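Undergrad: The following block contains the structure, expressed as structure tokens.
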Amino acid sequence: MTNPFMNRAAKRSSTDHGRKSEKRVAASLAARLTPASGAMRGAKSDMKKKVGDHKFQIESKATKTATLAVDLGWLVKVTEEAQATGSIPALTMSFVGEDGKSRPKGDWVAVPLWFFQQVLEELEAGNVA
């Protein structure tokens, strides 16, 4: 017979690195974590950040392995959630150890091409330092 508590505990231990990484990334971005990691009604994505007139809806993923396959579903989800709030979608990807701390050069962010083009145009115009 299986013990539901032990099943939950085993699942939790396999995702602890992700929760720890999510908290670490939110702290480094000074972003606000979403309660229940976006699982509650009305509370979408993993974190939010506002910079001037820009609002970001951020989904965070972490892996202990050397590869991370980017799921189109993640990008669609965060994009739809961002559109509903007038925000810019972003996906953080972290390559971490068991403790959720990033490996060297292991933290990355993906944003839509249109936003990256906008940043490049502002840099070229000298509007951003």
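Letters for chains follow the order of the structure tokens (A, B, ...), residue numbers begin at 1 for each chain, and ligand numbers begin at 1 in the order shown.
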Using only C-alpha atoms, which protein or nucleic acid residues come within 6 Å of stretch 21-36 of chain A? Drop anything in the same chain fewer than 4 positions from it, and give the result as a count of residues only.

TA: 6

Undergrad: Tell me, as a list in words, which residues lie within 10 Å of A:Asp107, counting only C-alpha atoms; anything in the same chain fewer than 3 positions away does not count.

TA: Ser21, Val25, Ala62, Thr92, Met93, Ser94, Phe95, Val96, Lys101, Ser102, Arg103 and Pro104 of chain A

Undergrad: If you run DSSP on this backbone, which residues of stretch 49-95 of chain A come out as helix (DSSP H, G or I), and could you give them as a list in words?

TA: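 The helix (DSSP H, G or I) residues within stretch 49-95 of chain A come out as Leu72, Gly73, Trp74, Leu75, Val76, Lys77, Val78, Thr79, Glu80, Glu81, Ala82, Gln83, Ala84 and Thr85 of chain A.
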
Undergrad: Which of these residues is nearest to A:Lys44, using only C-alpha atoms: A:Lys61, A:Leu68, A:Glu80, A:Arg19?

TA: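 Answer, going by the shortest atom-to-atom distance: A:Glu80.
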
Undergrad: Quick one: everything within 12 Å of A:His54, counting only C-alpha atoms, minus sequence neighbours fewer than 3 positions away in the same chain. Send it as a list in words.

TA: Lys48, Lys49, Lys50, Val51, Gln57, Ala82, Thr85, Gly86, Ser87, Ile88, Pro89, Phe115 and Val119 of chain A

Undergrad: Can you write just those residues out, N, CA and C atoms, as a PDB file, in the first residue's frame?

TA:
ATOM      1  N   LYS A  48       6.505  38.746 -10.395  1.00  0.00           N
ATOM      2  CA  LYS A  48       6.188  39.972 -11.133  1.00  0.00           C
ATOM      3  C   LYS A  48       7.228  41.010 -10.794  1.00  0.00           C
ATOM      4  N   LYS A  49       7.468  41.914 -11.754  1.00  0.00           N
ATOM      5  CA  LYS A  49       8.437  42.985 -11.553  1.00  0.00           C
ATOM      6  C   LYS A  49       7.959  44.204 -12.330  1.00  0.00           C
ATOM      7  N   LYS A  50       8.064  45.367 -11.698  1.00  0.00           N
ATOM      8  CA  LYS A  50       7.714  46.614 -12.378  1.00  0.00           C
ATOM      9  C   LYS A  50       8.949  47.498 -12.394  1.00  0.00           C
ATOM     10  N   VAL A  51       9.276  48.019 -13.575  1.00  0.00           N
ATOM     11  CA  VAL A  51      10.406  48.928 -13.752  1.00  0.00           C
ATOM     12  C   VAL A  51       9.895  50.102 -14.571  1.00  0.00           C
ATOM     13  N   GLN A  57       5.797  39.838 -16.335  1.00  0.00           N
ATOM     14  CA  GLN A  57       5.194  38.615 -15.821  1.00  0.00           C
ATOM     15  C   GLN A  57       6.249  37.543 -16.067  1.00  0.00           C
ATOM     16  N   ALA A  82       0.735  37.382 -19.337  1.00  0.00           N
ATOM     17  CA  ALA A  82       1.253  38.743 -19.450  1.00  0.00           C
ATOM     18  C   ALA A  82       0.293  39.625 -20.244  1.00  0.00           C
ATOM     19  N   THR A  85      -2.563  41.073 -18.317  1.00  0.00           N
ATOM     20  CA  THR A  85      -2.256  42.117 -17.334  1.00  0.00           C
ATOM     21  C   THR A  85      -1.500  43.299 -17.944  1.00  0.00           C
ATOM     22  N   GLY A  86      -1.329  43.287 -19.273  1.00  0.00           N
ATOM     23  CA  GLY A  86      -0.590  44.358 -19.922  1.00  0.00           C
ATOM     24  C   GLY A  86       0.891  44.329 -19.577  1.00  0.00           C
ATOM     25  N   SER A  87       1.421  43.127 -19.361  1.00  0.00           N
ATOM     26  CA  SER A  87       2.814  42.954 -18.959  1.00  0.00           C
ATOM     27  C   SER A  87       3.650  42.360 -20.083  1.00  0.00           C
ATOM     28  N   ILE A  88       4.946  42.373 -19.888  1.00  0.00           N
ATOM     29  CA  ILE A  88       5.889  41.756 -20.815  1.00  0.00           C
ATOM     30  C   ILE A  88       6.231  40.377 -20.263  1.00  0.00           C
ATOM     31  N   PRO A  89       6.116  39.320 -21.078  1.00  0.00           N
ATOM     32  CA  PRO A  89       6.433  37.980 -20.587  1.00  0.00           C
ATOM     33  C   PRO A  89       7.939  37.748 -20.565  1.00  0.00           C
ATOM     34  N   PHE A 115      10.364  42.514 -27.861  1.00  0.00           N
ATOM     35  CA  PHE A 115      10.873  43.282 -26.722  1.00  0.00           C
ATOM     36  C   PHE A 115      12.391  43.422 -26.813  1.00  0.00           C
ATOM     37  N   VAL A 119      14.628  46.879 -26.903  1.00  0.00           N
ATOM     38  CA  VAL A 119      15.788  47.170 -26.060  1.00  0.00           C
ATOM     39  C   VAL A 119      16.980  47.550 -26.932  1.00  0.00           C
TER      40      VAL A 119
END
